[in-house]
>>> print(open('protein_30.cif').read())   # mmCIF, C-alpha atoms and all ligand atoms
data_protein
#
loop_
_atom_site.group_PDB
_atom_site.id
_atom_site.type_symbol
_atom_site.label_atom_id
_atom_site.label_comp_id
_atom_site.auth_asym_id
_atom_site.auth_seq_id
_atom_site.Cartn_x
_atom_site.Cartn_y
_atom_site.Cartn_z
ATOM 1 C CA MET Q 1 -1.386 -17.308 -1.798
ATOM 2 C CA VAL Q 2 1.922 -15.638 -2.590
ATOM 3 C CA SER Q 3 5.059 -14.642 -0.789
ATOM 4 C CA LEU Q 4 7.282 -11.723 -1.650
ATOM 5 C CA ARG Q 5 10.943 -11.307 -0.835
ATOM 6 C CA LEU Q 6 13.324 -8.415 -1.341
ATOM 7 C CA GLU Q 7 17.027 -9.170 -1.511
ATOM 8 C CA THR Q 8 19.345 -6.156 -1.195
ATOM 9 C CA VAL Q 9 17.079 -4.008 -3.338
ATOM 10 C CA GLY Q 10 18.272 -0.622 -4.460
ATOM 11 C CA VAL Q 11 16.527 2.037 -6.545
ATOM 12 C CA LYS Q 12 18.189 4.985 -8.213
ATOM 13 C CA LEU Q 13 15.998 7.724 -9.669
ATOM 14 C CA GLY Q 14 17.911 10.131 -11.834
ATOM 15 C CA ARG Q 15 21.161 10.602 -9.927
ATOM 16 C CA ARG Q 16 19.658 9.964 -6.498
ATOM 17 C CA ILE Q 17 19.793 6.681 -4.634
ATOM 18 C CA VAL Q 18 16.288 6.544 -3.198
ATOM 19 C CA VAL Q 19 16.247 2.982 -1.808
ATOM 20 C CA ARG Q 20 19.384 1.188 -0.664
ATOM 21 C CA ASP Q 21 20.116 -2.358 0.390
ATOM 22 C CA ALA Q 22 16.497 -3.213 1.321
ATOM 23 C CA SER Q 23 15.919 -6.817 2.343
ATOM 24 C CA ALA Q 24 12.614 -8.072 3.737
ATOM 25 C CA ALA Q 25 10.226 -10.990 3.365
ATOM 26 C CA PHE Q 26 6.445 -10.663 3.261
ATOM 27 C CA ALA Q 27 4.244 -13.666 4.011
ATOM 28 C CA PRO Q 28 0.656 -14.424 3.002
ATOM 29 C CA GLY Q 29 -1.910 -13.792 5.729
ATOM 30 C CA THR Q 30 -0.020 -10.778 7.043
ATOM 31 C CA LEU Q 31 -0.816 -7.069 7.037
ATOM 32 C CA THR Q 32 2.471 -5.179 6.986
ATOM 33 C CA GLY Q 33 2.611 -1.430 7.411
ATOM 34 C CA VAL Q 34 5.424 0.517 5.787
ATOM 35 C CA VAL Q 35 6.045 3.666 7.804
ATOM 36 C CA GLY Q 36 8.600 6.448 7.775
ATOM 37 C CA PRO Q 37 8.891 10.193 7.174
ATOM 38 C CA ASN Q 38 8.173 12.097 3.965
ATOM 39 C CA GLY Q 39 10.659 11.330 1.255
ATOM 40 C CA ALA Q 40 11.974 8.220 3.034
ATOM 41 C CA GLY Q 41 11.437 6.035 -0.030
ATOM 42 C CA LYS Q 42 8.248 4.153 0.966
ATOM 43 C CA SER Q 43 6.374 4.747 -2.299
ATOM 44 C CA THR Q 44 9.482 4.023 -4.315
ATOM 45 C CA LEU Q 45 9.916 0.728 -2.474
ATOM 46 C CA ALA Q 46 6.260 -0.109 -3.177
ATOM 47 C CA ARG Q 47 6.676 0.808 -6.834
ATOM 48 C CA ALA Q 48 9.781 -1.357 -7.090
ATOM 49 C CA MET Q 49 7.731 -4.342 -5.862
ATOM 50 C CA LEU Q 50 5.408 -3.752 -8.819
ATOM 51 C CA ALA Q 51 8.298 -3.393 -11.263
ATOM 52 C CA LEU Q 52 7.233 0.211 -11.897
ATOM 53 C CA VAL Q 53 10.743 1.522 -11.275
ATOM 54 C CA PRO Q 54 13.994 -0.218 -12.168
ATOM 55 C CA HIS Q 55 15.813 -1.803 -9.234
ATOM 56 C CA SER Q 56 19.043 -3.553 -8.408
ATOM 57 C CA GLY Q 57 19.084 -6.680 -6.251
ATOM 58 C CA ARG Q 58 16.228 -9.169 -6.516
ATOM 59 C CA ILE Q 59 12.498 -9.061 -5.848
ATOM 60 C CA LEU Q 60 10.995 -12.528 -5.742
ATOM 61 C CA LEU Q 61 7.316 -13.356 -5.977
ATOM 62 C CA ASP Q 62 6.933 -16.985 -4.961
ATOM 63 C CA GLU Q 63 10.615 -17.398 -5.712
ATOM 64 C CA ALA Q 64 10.223 -16.083 -9.301
ATOM 65 C CA ASP Q 65 12.114 -12.884 -10.051
ATOM 66 C CA ILE Q 66 9.511 -10.240 -10.898
ATOM 67 C CA ALA Q 67 11.786 -9.115 -13.723
ATOM 68 C CA SER Q 68 10.922 -12.416 -15.457
ATOM 69 C CA LEU Q 69 7.135 -11.916 -15.176
ATOM 70 C CA SER Q 70 4.988 -10.202 -17.796
ATOM 71 C CA ARG Q 71 3.227 -7.025 -16.682
ATOM 72 C CA ALA Q 72 -0.159 -8.772 -16.843
ATOM 73 C CA ALA Q 73 1.059 -11.787 -14.850
ATOM 74 C CA LEU Q 74 2.423 -9.488 -12.144
ATOM 75 C CA ALA Q 75 -0.746 -7.351 -12.150
ATOM 76 C CA ARG Q 76 -2.911 -10.463 -11.672
ATOM 77 C CA ARG Q 77 -0.939 -11.400 -8.583
ATOM 78 C CA VAL Q 78 -0.172 -8.052 -6.989
ATOM 79 C CA ALA Q 79 -2.919 -5.425 -6.924
ATOM 80 C CA TYR Q 80 -1.807 -1.838 -6.432
ATOM 81 C CA LEU Q 81 -3.457 1.210 -4.986
ATOM 82 C CA PRO Q 82 -1.183 4.100 -5.990
ATOM 83 C CA GLN Q 83 -0.740 7.185 -3.851
ATOM 84 C CA GLY Q 84 -3.131 10.073 -4.544
ATOM 85 C CA GLN Q 85 -3.771 9.210 -8.152
ATOM 86 C CA THR Q 86 -5.226 11.866 -10.402
ATOM 87 C CA LEU Q 87 -7.974 10.739 -12.748
ATOM 88 C CA HIS Q 88 -7.967 12.038 -16.283
ATOM 89 C CA TRP Q 89 -10.879 10.285 -17.981
ATOM 90 C CA PRO Q 90 -14.488 10.990 -17.091
ATOM 91 C CA LEU Q 91 -15.385 7.312 -16.646
ATOM 92 C CA ASP Q 92 -18.318 6.275 -14.498
ATOM 93 C CA VAL Q 93 -17.352 4.599 -11.239
ATOM 94 C CA GLU Q 94 -18.461 1.108 -12.207
ATOM 95 C CA ARG Q 95 -16.319 1.191 -15.337
ATOM 96 C CA LEU Q 96 -13.368 2.582 -13.459
ATOM 97 C CA VAL Q 97 -13.585 -0.210 -10.890
ATOM 98 C CA GLY Q 98 -13.938 -2.614 -13.818
ATOM 99 C CA LEU Q 99 -10.461 -1.608 -15.004
ATOM 100 C CA GLY Q 100 -9.237 -3.760 -12.119
ATOM 101 C CA ARG Q 101 -10.282 -6.792 -14.202
ATOM 102 C CA LEU Q 102 -8.034 -5.861 -17.160
ATOM 103 C CA PRO Q 103 -5.139 -8.126 -16.109
ATOM 104 C CA HIS Q 104 -7.558 -11.073 -16.346
ATOM 105 C CA LEU Q 105 -8.928 -10.239 -19.783
ATOM 106 C CA GLY Q 106 -7.365 -11.175 -23.087
ATOM 107 C CA PRO Q 107 -7.089 -8.478 -25.780
ATOM 108 C CA MET Q 108 -10.409 -9.465 -27.379
ATOM 109 C CA SER Q 109 -12.311 -10.773 -24.369
ATOM 110 C CA ARG Q 110 -15.145 -8.958 -22.650
ATOM 111 C CA ILE Q 111 -16.214 -8.713 -19.043
ATOM 112 C CA GLY Q 112 -17.897 -11.974 -18.006
ATOM 113 C CA ALA Q 113 -20.029 -13.045 -15.054
ATOM 114 C CA GLU Q 114 -17.007 -13.708 -12.857
ATOM 115 C CA ASP Q 115 -15.614 -10.234 -13.593
ATOM 116 C CA ALA Q 116 -18.984 -8.592 -12.921
ATOM 117 C CA ALA Q 117 -19.223 -10.403 -9.573
ATOM 118 C CA ALA Q 118 -15.695 -9.289 -8.631
ATOM 119 C CA ILE Q 119 -16.538 -5.668 -9.521
ATOM 120 C CA GLU Q 120 -19.750 -5.750 -7.497
ATOM 121 C CA ARG Q 121 -18.042 -7.278 -4.477
ATOM 122 C CA ALA Q 122 -15.184 -4.759 -4.640
ATOM 123 C CA MET Q 123 -17.606 -1.820 -4.804
ATOM 124 C CA GLU Q 124 -19.537 -3.198 -1.862
ATOM 125 C CA ARG Q 125 -16.419 -3.687 0.251
ATOM 126 C CA ALA Q 126 -15.076 -0.203 -0.495
ATOM 127 C CA ASP Q 127 -18.509 1.290 0.220
ATOM 128 C CA VAL Q 128 -18.943 2.832 -3.228
ATOM 129 C CA LEU Q 129 -22.062 1.027 -4.473
ATOM 130 C CA GLY Q 130 -23.975 4.276 -4.052
ATOM 131 C CA LEU Q 131 -21.511 6.026 -6.378
ATOM 132 C CA ARG Q 132 -21.605 3.493 -9.212
ATOM 133 C CA ASP Q 133 -23.194 5.815 -11.805
ATOM 134 C CA ARG Q 134 -21.235 8.906 -10.832
ATOM 135 C CA ILE Q 135 -18.462 10.265 -13.046
ATOM 136 C CA ALA Q 136 -15.203 9.498 -11.258
ATOM 137 C CA THR Q 137 -13.584 12.877 -12.045
ATOM 138 C CA GLU Q 138 -16.473 14.612 -10.264
ATOM 139 C CA LEU Q 139 -16.028 12.829 -6.944
ATOM 140 C CA SER Q 140 -14.647 14.267 -3.718
ATOM 141 C CA GLY Q 141 -11.107 13.293 -2.692
ATOM 142 C CA GLY Q 142 -12.303 10.695 -0.180
ATOM 143 C CA GLU Q 143 -14.906 9.224 -2.532
ATOM 144 C CA ARG Q 144 -12.267 8.950 -5.259
ATOM 145 C CA ALA Q 145 -9.869 7.241 -2.857
ATOM 146 C CA ARG Q 146 -12.480 4.590 -2.048
ATOM 147 C CA VAL Q 147 -13.270 4.047 -5.724
ATOM 148 C CA LEU Q 148 -9.571 3.490 -6.461
ATOM 149 C CA LEU Q 149 -9.408 1.042 -3.571
ATOM 150 C CA ALA Q 150 -12.380 -0.778 -5.119
ATOM 151 C CA ARG Q 151 -10.481 -0.947 -8.419
ATOM 152 C CA ALA Q 152 -7.546 -2.587 -6.626
ATOM 153 C CA LEU Q 153 -9.859 -5.025 -4.809
ATOM 154 C CA ALA Q 154 -11.569 -5.956 -8.089
ATOM 155 C CA VAL Q 155 -8.319 -7.552 -9.236
ATOM 156 C CA GLN Q 156 -8.832 -10.232 -6.555
ATOM 157 C CA ALA Q 157 -5.083 -10.690 -6.445
ATOM 158 C CA PRO Q 158 -3.443 -12.725 -3.702
ATOM 159 C CA ALA Q 159 -1.309 -9.697 -2.822
ATOM 160 C CA LEU Q 160 -2.274 -6.057 -2.376
ATOM 161 C CA ILE Q 161 0.039 -3.075 -2.026
ATOM 162 C CA ALA Q 162 -1.807 0.065 -0.920
ATOM 163 C CA ASP Q 163 0.094 3.342 -0.870
ATOM 164 C CA GLU Q 164 -1.453 5.668 1.699
ATOM 165 C CA PRO Q 165 -4.932 4.098 1.561
ATOM 166 C CA LEU Q 166 -6.146 6.379 4.391
ATOM 167 C CA ALA Q 167 -5.283 9.682 2.707
ATOM 168 C CA SER Q 168 -8.388 11.909 2.352
ATOM 169 C CA LEU Q 169 -10.626 9.515 4.293
ATOM 170 C CA ASP Q 170 -12.830 10.564 7.211
ATOM 171 C CA PRO Q 171 -12.296 8.737 10.544
ATOM 172 C CA GLY Q 172 -15.105 6.235 9.916
ATOM 173 C CA HIS Q 173 -13.863 5.280 6.487
ATOM 174 C CA GLN Q 174 -10.295 5.093 7.814
ATOM 175 C CA LEU Q 175 -11.440 2.427 10.254
ATOM 176 C CA ASP Q 176 -13.395 0.641 7.517
ATOM 177 C CA VAL Q 177 -10.351 0.559 5.241
ATOM 178 C CA MET Q 178 -7.971 -0.687 7.933
ATOM 179 C CA GLU Q 179 -10.473 -3.396 8.859
ATOM 180 C CA LEU Q 180 -10.853 -4.318 5.211
ATOM 181 C CA LEU Q 181 -7.073 -4.605 4.792
ATOM 182 C CA ARG Q 182 -6.835 -6.730 7.932
ATOM 183 C CA ASP Q 183 -9.710 -8.934 6.713
ATOM 184 C CA GLU Q 184 -7.929 -9.397 3.380
ATOM 185 C CA ALA Q 185 -4.868 -10.573 5.290
ATOM 186 C CA ARG Q 186 -6.925 -12.834 7.560
ATOM 187 C CA ALA Q 187 -8.375 -14.408 4.414
ATOM 188 C CA GLY Q 188 -4.834 -15.275 3.304
ATOM 189 C CA ALA Q 189 -3.745 -12.266 1.253
ATOM 190 C CA LEU Q 190 -0.334 -10.656 1.523
ATOM 191 C CA VAL Q 191 -1.128 -7.030 2.286
ATOM 192 C CA ILE Q 192 1.326 -4.145 2.456
ATOM 193 C CA ALA Q 193 0.097 -0.642 3.303
ATOM 194 C CA VAL Q 194 2.158 2.540 3.320
ATOM 195 C CA LEU Q 195 0.827 4.504 6.287
ATOM 196 C CA HIS Q 196 1.450 7.811 8.028
ATOM 197 C CA ASP Q 197 -1.002 7.275 10.882
ATOM 198 C CA LEU Q 198 1.114 5.456 13.438
ATOM 199 C CA THR Q 199 -1.830 4.725 15.732
ATOM 200 C CA MET Q 200 -3.668 2.999 12.886
ATOM 201 C CA ALA Q 201 -0.477 1.187 11.948
ATOM 202 C CA ALA Q 202 -0.016 -0.012 15.531
ATOM 203 C CA ARG Q 203 -3.648 -0.991 15.928
ATOM 204 C CA TYR Q 204 -4.092 -2.982 12.750
ATOM 205 C CA CYS Q 205 -0.766 -4.147 11.357
ATOM 206 C CA ASP Q 206 0.812 -7.465 12.253
ATOM 207 C CA ARG Q 207 4.176 -6.085 11.418
ATOM 208 C CA LEU Q 208 5.819 -2.788 10.556
ATOM 209 C CA VAL Q 209 8.738 -1.897 8.339
ATOM 210 C CA LEU Q 210 10.253 1.473 9.215
ATOM 211 C CA VAL Q 211 12.021 3.254 6.356
ATOM 212 C CA ASP Q 212 14.333 6.227 6.743
ATOM 213 C CA THR Q 213 16.399 7.879 3.997
ATOM 214 C CA GLY Q 214 15.941 4.895 1.696
ATOM 215 C CA THR Q 215 16.937 2.261 4.241
ATOM 216 C CA ILE Q 216 14.867 -0.193 6.257
ATOM 217 C CA VAL Q 217 15.899 0.759 9.796
ATOM 218 C CA ALA Q 218 13.491 -1.466 11.765
ATOM 219 C CA ASP Q 219 11.299 -4.451 10.934
ATOM 220 C CA GLY Q 220 9.140 -6.249 13.467
ATOM 221 C CA THR Q 221 5.978 -6.036 15.544
ATOM 222 C CA PRO Q 222 4.537 -2.561 16.196
ATOM 223 C CA ALA Q 223 5.944 -2.724 19.746
ATOM 224 C CA GLU Q 224 9.401 -3.524 18.430
ATOM 225 C CA VAL Q 225 9.368 -0.821 15.775
ATOM 226 C CA LEU Q 226 7.434 2.090 17.291
ATOM 227 C CA THR Q 227 9.719 2.759 20.221
ATOM 228 C CA PRO Q 228 10.130 6.338 21.473
ATOM 229 C CA ALA Q 229 13.801 6.095 20.499
ATOM 230 C CA ASN Q 230 13.011 5.084 16.902
ATOM 231 C CA LEU Q 231 10.382 7.819 16.605
ATOM 232 C CA ARG Q 232 12.863 10.387 17.868
ATOM 233 C CA THR Q 233 15.616 9.259 15.505
ATOM 234 C CA VAL Q 234 13.506 8.835 12.398
ATOM 235 C CA TYR Q 235 10.737 11.433 12.709
ATOM 236 C CA GLY Q 236 12.424 13.867 15.102
ATOM 237 C CA ILE Q 237 9.467 13.733 17.493
ATOM 238 C CA ASP Q 238 8.857 12.983 21.126
ATOM 239 C CA ALA Q 239 5.898 10.649 21.381
ATOM 240 C CA ARG Q 240 3.925 8.788 23.989
ATOM 241 C CA VAL Q 241 3.718 5.146 22.930
ATOM 242 C CA GLU Q 242 0.927 3.088 24.470
ATOM 243 C CA LEU Q 243 0.786 -0.290 22.825
ATOM 244 C CA GLY Q 244 -0.506 -2.488 25.640
ATOM 245 C CA GLY Q 245 -4.250 -2.973 26.092
ATOM 246 C CA ASP Q 246 -7.077 -2.775 23.591
ATOM 247 C CA TRP Q 247 -6.447 0.728 22.268
ATOM 248 C CA PRO Q 248 -2.874 1.193 21.167
ATOM 249 C CA ALA Q 249 -2.036 4.824 20.534
ATOM 250 C CA ILE Q 250 0.915 6.920 19.512
ATOM 251 C CA THR Q 251 0.557 10.517 20.610
ATOM 252 C CA THR Q 252 2.958 13.076 19.206
ATOM 253 C CA LEU Q 253 4.035 15.354 22.040
ATOM 254 C CA GLY Q 254 6.268 17.679 20.053
ATOM 255 C CA ARG Q 255 9.480 18.031 18.102
ATOM 256 C CA SER Q 256 12.352 16.429 19.958
ATOM 257 C CA ARG Q 257 14.962 18.931 21.084
ATOM 258 C CA ALA Q 258 17.997 16.642 20.970
HETATM 259 N N1 LIG Q 301 11.680 10.663 -10.421
HETATM 260 C C1 LIG Q 301 12.444 11.020 -9.388
HETATM 261 N N2 LIG Q 301 13.696 11.513 -9.564
HETATM 262 C C2 LIG Q 301 14.471 11.853 -8.530
HETATM 263 N N3 LIG Q 301 14.091 11.729 -7.229
HETATM 264 C C3 LIG Q 301 12.850 11.242 -6.997
HETATM 265 C C4 LIG Q 301 11.965 10.855 -8.041
HETATM 266 N N4 LIG Q 301 10.816 10.424 -7.495
HETATM 267 C C5 LIG Q 301 10.975 10.520 -6.153
HETATM 268 N N5 LIG Q 301 12.187 11.016 -5.863
HETATM 269 C C6 LIG Q 301 12.734 11.270 -4.526
HETATM 270 O O1 LIG Q 301 12.878 10.026 -3.873
HETATM 271 C C7 LIG Q 301 12.673 10.168 -2.479
HETATM 272 C C8 LIG Q 301 11.673 9.129 -2.005
HETATM 273 O O2 LIG Q 301 10.394 9.418 -2.546
HETATM 274 P P1 LIG Q 301 9.136 8.535 -2.157
HETATM 275 O O3 LIG Q 301 7.972 9.100 -2.905
HETATM 276 O O4 LIG Q 301 9.471 7.130 -2.331
HETATM 277 O O5 LIG Q 301 9.024 8.873 -0.605
HETATM 278 P P2 LIG Q 301 7.877 8.495 0.441
HETATM 279 O O6 LIG Q 301 8.559 7.887 1.605
HETATM 280 O O7 LIG Q 301 6.809 7.704 -0.197
HETATM 281 O O8 LIG Q 301 7.379 9.949 0.830
HETATM 282 P P3 LIG Q 301 5.925 10.562 1.243
HETATM 283 O O9 LIG Q 301 5.654 10.069 2.636
HETATM 284 O O10 LIG Q 301 6.210 12.043 1.237
HETATM 285 O O11 LIG Q 301 4.926 10.134 0.230
HETATM 286 C C9 LIG Q 301 12.237 11.604 -2.265
HETATM 287 O O12 LIG Q 301 13.320 12.353 -1.794
HETATM 288 C C10 LIG Q 301 11.817 12.083 -3.635
HETATM 289 O O13 LIG Q 301 12.047 13.464 -3.787
#
>>> encode(input="protein_30.cif", output="structure tokens")
Amino acid sequence: MVSLRLETVGVKLGRRIVVRDASAAFAPGTLTGVVGPNGAGKSTLARAMLALVPHSGRILLDEADIASLSRAALARRVAYLPQGQTLHWPLDVERLVGLGRLPHLGPMSRIGAEDAAAIERAMERADVLGLRDRIATELSGGERARVLLARALAVQAPALIADEPLASLDPGHQLDVMELLRDEARAGALVIAVLHDLTMAARYCDRLVLVDTGTIVADGTPAEVLTPANLRTVYGIDARVELGGDWPAITTLGRSRA
């Protein structure tokens, strides 16, 4: 199990400040959704947590500054599903998923029984066993998304950051993926998912972090964060928010006129 804490994190890309003064703590056993409009800085925040972009402030993984960890040590502990990744090499699916085991392998070591079991289990959970011999570059967008999720699961890291894991997925697979992320959290993992579907976020996440123009503007339960007022301010929409009962739903009614 791991915990992750951001202390006044800032990210500057080129001359633009993309994330400013972000502080938040993420606990094991929790599925946190990161929501907010296009360009808000969600992916950049996720990438900062993986040390993929330089940041100011501190990001602590179990109280150790991630800046002090080797790339492999960080990759073993925080698995990452990047947003809409393009594939360049015509690898078969099983090998591509197997790349998730790289952080565990030494430079000369080969895939062992434990790695093979992790790969198999990841493919099963992401529902890609039937694609195992296919060439990854020849898959549909949704199939590719599930294969990349399997690669992240194959790491078997105690933390998982998934950037838009529902993009390109059909409604059935969207439900499967949200359930999978929630199951990971229930099993003790620290799971963070960048999401645009607010109904899915409300239905499955324990907690939501709302980001707007690089700043965390709300952090709490879905009911605390997804208020009509917040949705109006941040997304510029009027929405019906129904979070009581078994089927929470956020329905966009239209652009707010204020
Ligand atoms: N390399 C870069 N140089 C300068 N600005 C960048 C760079 N990469 C991203 N940005 C800008 O940073 C801002 C935040 O981008 P980011 O991808 O984090 O947003 P996001 O919230 O994930 O958006 P989306 O929902 O559209 O994926 C955007 O305005 C984007 O144009």
>>> residues_near_ligand(input="protein_30.cif", ligand="ligand LIG 301 (chain Q)", cutoff="9 Å", atoms="only C-alpha atoms and all ligand atoms", output="VMD selection string")
chain Q and resid 12 to 19 35 to 47 83 163 to 164 194 to 196 211 to 214
>>> resolve_selection(input="protein_30.cif", expression="the PyMOL selection byres (((chain Q and resi 25) around 7) and not hetatm)", output="list in words")
Leu4, Arg5, Leu6, Ala24, Phe26 and Ala27 of chain Q
>>> atom_distance(input="protein_30.cif", atom1="atom CA of Q:Leu81", atom2="atom CA of Q:Leu105")
19.5 Å
>>> resolve_selection(input="protein_30.cif", expression="the PyMOL selection byres (((chain Q and resi 229-246) around 9) and not hetatm)", output="tab-separated table (two decimals) with C-alpha atoms, keeping the file's coordinate frame")
chain	number	residue	atom	x	y	z
Q	36	GLY	CA	8.60	6.45	7.78
Q	37	PRO	CA	8.89	10.19	7.17
Q	202	ALA	CA	-0.02	-0.01	15.53
Q	203	ARG	CA	-3.65	-0.99	15.93
Q	210	LEU	CA	10.25	1.47	9.22
Q	211	VAL	CA	12.02	3.25	6.36
Q	212	ASP	CA	14.33	6.23	6.74
Q	213	THR	CA	16.40	7.88	4.00
Q	217	VAL	CA	15.90	0.76	9.80
Q	218	ALA	CA	13.49	-1.47	11.76
Q	222	PRO	CA	4.54	-2.56	16.20
Q	223	ALA	CA	5.94	-2.72	19.75
Q	225	VAL	CA	9.37	-0.82	15.78
Q	226	LEU	CA	7.43	2.09	17.29
Q	227	THR	CA	9.72	2.76	20.22
Q	228	PRO	CA	10.13	6.34	21.47
Q	247	TRP	CA	-6.45	0.73	22.27
Q	248	PRO	CA	-2.87	1.19	21.17
Q	249	ALA	CA	-2.04	4.82	20.53
Q	250	ILE	CA	0.92	6.92	19.51
Q	251	THR	CA	0.56	10.52	20.61
Q	252	THR	CA	2.96	13.08	19.21
Q	253	LEU	CA	4.04	15.35	22.04
Q	254	GLY	CA	6.27	17.68	20.05
Q	255	ARG	CA	9.48	18.03	18.10
Q	256	SER	CA	12.35	16.43	19.96
Q	257	ARG	CA	14.96	18.93	21.08
Q	258	ALA	CA	18.00	16.64	20.97
>>> atom_distance(input="protein_30.cif", atom1="atom CA of Q:Glu138", atom2="atom CA of Q:Gln85")
14.0 Å
>>> resolve_selection(input="protein_30.cif", expression="the PyMOL selection byres (((chain Q and resi 130) around 12) and not hetatm)", output="PyMOL selection string")
chain Q and resi 93-94+120+123-129+131-134+143+146-147
>>> closest_residue(input="protein_30.cif", among="Q:Pro103, Q:Gly142, Q:Gly33, Q:Gly98", to="Q:Asp115", atoms="only C-alpha atoms")
Q:Gly98
>>> residues_around(input="protein_30.cif", residues="Q:Asp65", least_positions_apart="4", cutoff="12 Å", atoms="all atoms listed in the file", output="list in words")
Ser3, Leu4, Arg5, Leu6, Glu7, Met49, Leu50, Ala51, His55, Ser56, Gly57, Arg58, Ile59, Leu60, Leu61, Leu69, Ser70 and Leu74 of chain Q
>>> closest_residue(input="protein_30.cif", among="Q:Ile135, Q:Leu208, Q:Ile119, Q:Val78", to="Q:Ala189", atoms="only C-alpha atoms")
Q:Val78
>>> closest_residue(input="protein_30.cif", among="Q:Leu87, Q:Asp92, Q:Ala113, Q:Val177", to="Q:Gly141", atoms="all atoms listed in the file")
Q:Leu87
>>> residues_around(input="protein_30.cif", residues="Q:Ile111", least_positions_apart="5", cutoff="12 Å", atoms="all atoms listed in the file", output="ChimeraX atom specification")
/Q:95,98-106,116-119
>>> closest_residue(input="protein_30.cif", among="Q:Thr30, Q:His88, Q:Ala167, Q:Gly112", to="Q:Thr137", atoms="only C-alpha atoms")
Q:His88
>>> residues_around(input="protein_30.cif", residues="Q:Leu96", least_positions_apart="5", cutoff="9 Å", atoms="all atoms listed in the file", output="list in words")
Leu91, Ala136, Val147, Leu148 and Arg151 of chain Q
>>> closest_residue(input="protein_30.cif", among="Q:Val34, Q:Ile216, Q:Ile161, Q:Ala79", to="Q:Leu198", atoms="only C-alpha atoms")
Q:Val34
>>> residues_around(input="protein_30.cif", residues="Q:Arg20", least_positions_apart="5", cutoff="8 Å", atoms="all atoms listed in the file", output="VMD selection string")
chain Q and resid 8 to 11 214 to 215
>>> closest_residue(input="protein_30.cif", among="Q:Ala152, Q:Thr86, Q:Arg110, Q:Ala122", to="Q:Ser140", atoms="all atoms listed in the file")
Q:Thr86
>>> atom_distance(input="protein_30.cif", atom1="atom CA of Q:Ile192", atom2="atom CA of Q:Ser23")
14.8 Å
>>> decode(input="protein_30.cif", residues="stretch 117-130 of chain Q", atoms="N, CA and C atoms", output="CSV table (one decimal), in the first residue's frame")
chain,number,residue,atom,x,y,z
Q,117,ALA,N,2.2,-14.7,-15.1
Q,117,ALA,CA,0.9,-14.8,-14.4
Q,117,ALA,C,0.3,-13.4,-14.3
Q,118,ALA,N,1.2,-12.4,-14.0
Q,118,ALA,CA,0.7,-11.0,-13.9
Q,118,ALA,C,0.1,-10.5,-15.3
Q,119,ILE,N,0.8,-10.9,-16.4
Q,119,ILE,CA,0.4,-10.5,-17.7
Q,119,ILE,C,-1.0,-11.2,-18.0
Q,120,GLU,N,-1.1,-12.5,-17.7
Q,120,GLU,CA,-2.3,-13.2,-18.0
Q,120,GLU,C,-3.5,-12.6,-17.2
Q,121,ARG,N,-3.3,-12.3,-16.0
Q,121,ARG,CA,-4.3,-11.8,-15.1
Q,121,ARG,C,-4.7,-10.4,-15.6
Q,122,ALA,N,-3.8,-9.6,-16.0
Q,122,ALA,CA,-4.1,-8.2,-16.5
Q,122,ALA,C,-4.9,-8.3,-17.8
Q,123,MET,N,-4.6,-9.2,-18.6
Q,123,MET,CA,-5.3,-9.4,-19.9
Q,123,MET,C,-6.7,-9.8,-19.6
Q,124,GLU,N,-6.9,-10.7,-18.7
Q,124,GLU,CA,-8.2,-11.2,-18.3
Q,124,GLU,C,-9.0,-10.1,-17.8
Q,125,ARG,N,-8.5,-9.3,-16.9
Q,125,ARG,CA,-9.2,-8.3,-16.2
Q,125,ARG,C,-9.6,-7.1,-17.2
Q,126,ALA,N,-8.8,-6.9,-18.1
Q,126,ALA,CA,-9.1,-5.8,-19.1
Q,126,ALA,C,-9.9,-6.4,-20.3
Q,127,ASP,N,-10.2,-7.6,-20.2
Q,127,ASP,CA,-11.0,-8.3,-21.3
Q,127,ASP,C,-10.3,-8.2,-22.6
Q,128,VAL,N,-9.0,-8.6,-22.7
Q,128,VAL,CA,-8.3,-8.6,-23.9
Q,128,VAL,C,-7.7,-10.0,-24.2
Q,129,LEU,N,-8.1,-11.0,-23.5
Q,129,LEU,CA,-7.5,-12.3,-23.7
Q,129,LEU,C,-7.7,-12.7,-25.2
Q,130,GLY,N,-8.9,-12.4,-25.7
Q,130,GLY,CA,-9.2,-12.8,-27.1
Q,130,GLY,C,-8.4,-12.0,-28.1
